[in-house]
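See below for the structure under consideration.
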Amino acid sequence: SADYSQFELRLAAVLSNDEPLIEAFNSGVDIHNKTASEIYNIPIEDVKKGHRRAAKIVNFSVLYGAGAHNLAQQIGVDFYEAKRYIDEYFAAHKPIRDFLDKTLIQASKEGFVETFYGRKRPTPDVNSKNFMVREMAKRAAANMPIQGTEADLMKRAMLAVDEKITQSGLGEQILQIHDSIMIETSKENAEKVTQALKQEMENIAPELPIKLKVDVSAGENWLKL
């Protein structure tokens with residue numbers, strides 16, 4: 001099983017052109033530790049497991065529009081503390097805040113949003129008079145460029161893996177789940193498949209200014225991965 005590591009966060013950095021975040025990923029910094037340092041206003045070397053755990057939730061929740069109330073419930077703090085975390089996050093990552101805002105403006109004015117590669121999704125409901133419909137449409141519009149770009153790249157990765165592994169007889173590509181690809185192979189080919197997966201998936205988009213990272217695990221069945 002080969003999983004892209006922090007795929008959506010890397011793509012958010014690219015789409016928003018958050019240069020410090022891109023540099024952090026490219027230099028191998030632990031992004032959750034970095035976020036913990038930012039939202040708790042502490043040196044990165046002082047980050048503890050609890051800080052990192054909360055920061056990980058902040059990284060993925062705030063990116064997709066989680067409000068302070070929702071975040072507070074997830075990490076077990078009060079509303080005002082959660083709001084402070086969100087404010088600190090966007091203070092440290094203004095390009096991401098600007099990108100999300102511009103995406104919603106485009107959705108409203110132009111009627112669509114798009115991936116890094118130009119695949120478009122219509123967004124008529126962002127201007128709905130119904131509050132619930134409008135808010136749901138805004139969340140979907142804000143999510144689409146990042147998650148859609150992820151989907152675009154996964155299709156490219158699946159094609160590359162099919163050519164490199166399946167067509168060469170090393171194994172069968174049997175499942176794709178979100179940001180992971182699963183291969184069934186013999187034990188003697190497991191190491192070859194591991195190396196092929198990392199090579200193909202990590203280098204699927206050389207045009208991006210960020211390194212992609214793939215973690216591969218192997219086992220006798222899915223449960224043991």
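Within each chain, counting starts at residue 1; across the structure tokens, chains are named A, B, ... in the order shown, with ligands numbered 1 upward in that order.
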Subject >> Those of stretch 38-96 of chain A in DSSP alpha helix (DSSP H), formatted as a ChimeraX atom specification >> reply: /A:38-40,49-63,68-75,79-92,94-96
Contacts of stretch 106-180 of chain A with stretch 197-204 of chain A up to 9 Å, shortest pair per row, only C-alpha atoms, as a Markdown table:
| residue | atom | partner | partner_atom | distance |
| --- | --- | --- | --- | --- |
| A:Leu153 | CA | A:Ile204 | CA | 7.3 |
| A:Met154 | CA | A:Met201 | CA | 8.5 |
| A:Arg156 | CA | A:Ile204 | CA | 6.9 |
| A:Ala157 | CA | A:Met201 | CA | 5.5 |
| A:Met158 | CA | A:Met201 | CA | 8.5 |
| A:Ala160 | CA | A:Glu200 | CA | 6.4 |
| A:Val161 | CA | A:Glu200 | CA | 6.6 |
| A:Lys164 | CA | A:Glu200 | CA | 7.9 |
| A:Ile165 | CA | A:Leu197 | CA | 8.2 |
Since we have the selection now, will you write its residues out, keeping N, CA, C and O atoms, as a PDB file, in the first residue's frame?
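This went into part28.pdb:
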ATOM      1  N   LEU A 153      -3.896  14.091  -9.985  1.00  0.00           N
ATOM      2  CA  LEU A 153      -2.581  13.471  -9.845  1.00  0.00           C
ATOM      3  C   LEU A 153      -2.681  11.978  -9.541  1.00  0.00           C
ATOM      4  O   LEU A 153      -1.838  11.182  -9.985  1.00  0.00           O
ATOM      5  N   MET A 154      -3.705  11.589  -8.787  1.00  0.00           N
ATOM      6  CA  MET A 154      -3.888  10.159  -8.498  1.00  0.00           C
ATOM      7  C   MET A 154      -4.161   9.387  -9.781  1.00  0.00           C
ATOM      8  O   MET A 154      -3.672   8.257  -9.957  1.00  0.00           O
ATOM      9  N   ARG A 156      -3.069  10.152 -12.769  1.00  0.00           N
ATOM     10  CA  ARG A 156      -1.776  10.045 -13.444  1.00  0.00           C
ATOM     11  C   ARG A 156      -0.912   8.977 -12.778  1.00  0.00           C
ATOM     12  O   ARG A 156      -0.240   8.189 -13.459  1.00  0.00           O
ATOM     13  N   ALA A 157      -0.920   8.948 -11.454  1.00  0.00           N
ATOM     14  CA  ALA A 157      -0.132   7.952 -10.731  1.00  0.00           C
ATOM     15  C   ALA A 157      -0.617   6.539 -11.032  1.00  0.00           C
ATOM     16  O   ALA A 157       0.185   5.615 -11.220  1.00  0.00           O
ATOM     17  N   MET A 158      -1.930   6.354 -11.091  1.00  0.00           N
ATOM     18  CA  MET A 158      -2.485   5.036 -11.381  1.00  0.00           C
ATOM     19  C   MET A 158      -2.066   4.548 -12.766  1.00  0.00           C
ATOM     20  O   MET A 158      -1.751   3.371 -12.955  1.00  0.00           O
ATOM     21  N   ALA A 160       0.668   5.487 -14.383  1.00  0.00           N
ATOM     22  CA  ALA A 160       2.104   5.204 -14.334  1.00  0.00           C
ATOM     23  C   ALA A 160       2.381   3.886 -13.626  1.00  0.00           C
ATOM     24  O   ALA A 160       3.233   3.096 -14.061  1.00  0.00           O
ATOM     25  N   VAL A 161       1.670   3.633 -12.545  1.00  0.00           N
ATOM     26  CA  VAL A 161       1.841   2.390 -11.794  1.00  0.00           C
ATOM     27  C   VAL A 161       1.388   1.193 -12.632  1.00  0.00           C
ATOM     28  O   VAL A 161       2.019   0.125 -12.623  1.00  0.00           O
ATOM     29  N   LYS A 164       4.208   0.576 -15.107  1.00  0.00           N
ATOM     30  CA  LYS A 164       5.466   0.141 -14.495  1.00  0.00           C
ATOM     31  C   LYS A 164       5.347  -1.199 -13.784  1.00  0.00           C
ATOM     32  O   LYS A 164       6.283  -2.012 -13.802  1.00  0.00           O
ATOM     33  N   ILE A 165       4.217  -1.452 -13.160  1.00  0.00           N
ATOM     34  CA  ILE A 165       4.079  -2.645 -12.319  1.00  0.00           C
ATOM     35  C   ILE A 165       3.167  -3.695 -12.948  1.00  0.00           C
ATOM     36  O   ILE A 165       3.560  -4.846 -13.127  1.00  0.00           O
TER      37      ILE A 165
END
Original post:
Where does DSSP see strand (DSSP E) in stretch 55-153 of chain A, if you list the residues as a list in words?
Top reply: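 Checking each residue of stretch 55-153 of chain A, the strand (DSSP E) ones are Phe112, Val113, Glu114, Lys120, Arg121 and Pro122 of chain A.
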**OP:** Tell me which of A:His69, A:Ile22, A:Lys34, A:Ile75 sits closest to A:Ala54, counting only C-alpha atoms.
**Re:**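 Of A:His69, A:Ile22, A:Lys34, A:Ile75, the one nearest A:Ala54 is A:Ile75, counting only C-alpha atoms.
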**OP:** Skip A:Arg134 itself and residues of its chain fewer than 4 positions away, then list as an NGL selection string all residues within 12 Å of it, counting only C-alpha atoms.
**Re:** :A and (104 or 107-108 or 123-130 or 138-141)
Subject >> Among the residues A:Lys213, A:Ile42, A:Val62, A:Ser16, the one that comes closest to A:Gly28 [using only C-alpha atoms] >> reply: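 Answer, going by the shortest atom-to-atom distance: A:Lys213.
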**OP:** Can you work out the spacing between atom CA of A:Thr194 and atom CA of A:Val216 in Å, to one decimal?
**Re:**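 These atoms are spaced 6.3 Å apart.
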Original post:
If you count only C-alpha atoms, which residues fall within 12 Å of A:Val29, apart from same-chain ones fewer than 5 positions away, as a PyMOL selection string?
Top reply: chain A and resi 20-24+34-35+44-45
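Across the structure, atom CA of A:Glu163 and atom CA of A:Ile146 are spaced 26.1 Å apart.
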**OP:** Find the residues near A:Phe99: any atom within 10 Å, counting only C-alpha atoms, skip ones fewer than 5 places away on the same chain, and give them as a ChimeraX atom specification.
**Re:** /A:12-13,15-18,94,104-105,142
Go ahead and dump the residues you just picked, N, CA and C atoms, as a PDB file, in the first residue's frame.
ATOM      1  N   ALA A  12      -2.046  22.392  -1.179  1.00  0.00           N
ATOM      2  CA  ALA A  12      -2.510  23.702  -0.713  1.00  0.00           C
ATOM      3  C   ALA A  12      -1.365  24.707  -0.749  1.00  0.00           C
ATOM      4  N   ALA A  13      -0.176  24.263  -0.353  1.00  0.00           N
ATOM      5  CA  ALA A  13       0.994  25.136  -0.389  1.00  0.00           C
ATOM      6  C   ALA A  13       1.304  25.574  -1.809  1.00  0.00           C
ATOM      7  N   LEU A  15      -0.864  25.548  -4.562  1.00  0.00           N
ATOM      8  CA  LEU A  15      -1.942  26.337  -5.151  1.00  0.00           C
ATOM      9  C   LEU A  15      -1.995  27.758  -4.599  1.00  0.00           C
ATOM     10  N   SER A  16      -1.625  27.920  -3.342  1.00  0.00           N
ATOM     11  CA  SER A  16      -1.644  29.249  -2.726  1.00  0.00           C
ATOM     12  C   SER A  16      -0.308  29.971  -2.878  1.00  0.00           C
ATOM     13  N   ASN A  17       0.687  29.250  -3.396  1.00  0.00           N
ATOM     14  CA  ASN A  17       2.052  29.783  -3.515  1.00  0.00           C
ATOM     15  C   ASN A  17       2.569  30.271  -2.162  1.00  0.00           C
ATOM     16  N   ASP A  18       2.339  29.443  -1.139  1.00  0.00           N
ATOM     17  CA  ASP A  18       2.850  29.719   0.201  1.00  0.00           C
ATOM     18  C   ASP A  18       4.318  29.273   0.229  1.00  0.00           C
ATOM     19  N   LYS A  94      -0.831  33.413   5.393  1.00  0.00           N
ATOM     20  CA  LYS A  94      -1.710  34.363   4.707  1.00  0.00           C
ATOM     21  C   LYS A  94      -1.976  33.957   3.257  1.00  0.00           C
ATOM     22  N   LEU A 104     -13.410  31.467  -3.527  1.00  0.00           N
ATOM     23  CA  LEU A 104     -14.840  31.721  -3.328  1.00  0.00           C
ATOM     24  C   LEU A 104     -15.333  32.896  -4.169  1.00  0.00           C
ATOM     25  N   ILE A 105     -14.494  33.885  -4.359  1.00  0.00           N
ATOM     26  CA  ILE A 105     -14.853  35.013  -5.232  1.00  0.00           C
ATOM     27  C   ILE A 105     -15.022  34.527  -6.665  1.00  0.00           C
ATOM     28  N   ALA A 142     -14.541  25.684  -2.069  1.00  0.00           N
ATOM     29  CA  ALA A 142     -13.242  25.923  -1.452  1.00  0.00           C
ATOM     30  C   ALA A 142     -12.398  24.651  -1.456  1.00  0.00           C
TER      31      ALA A 142
END
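Nearest to A:Ala91 of all the residues A:Glu38, A:Glu19, A:Glu207, A:Asp78 is A:Glu38, based on only C-alpha atoms.
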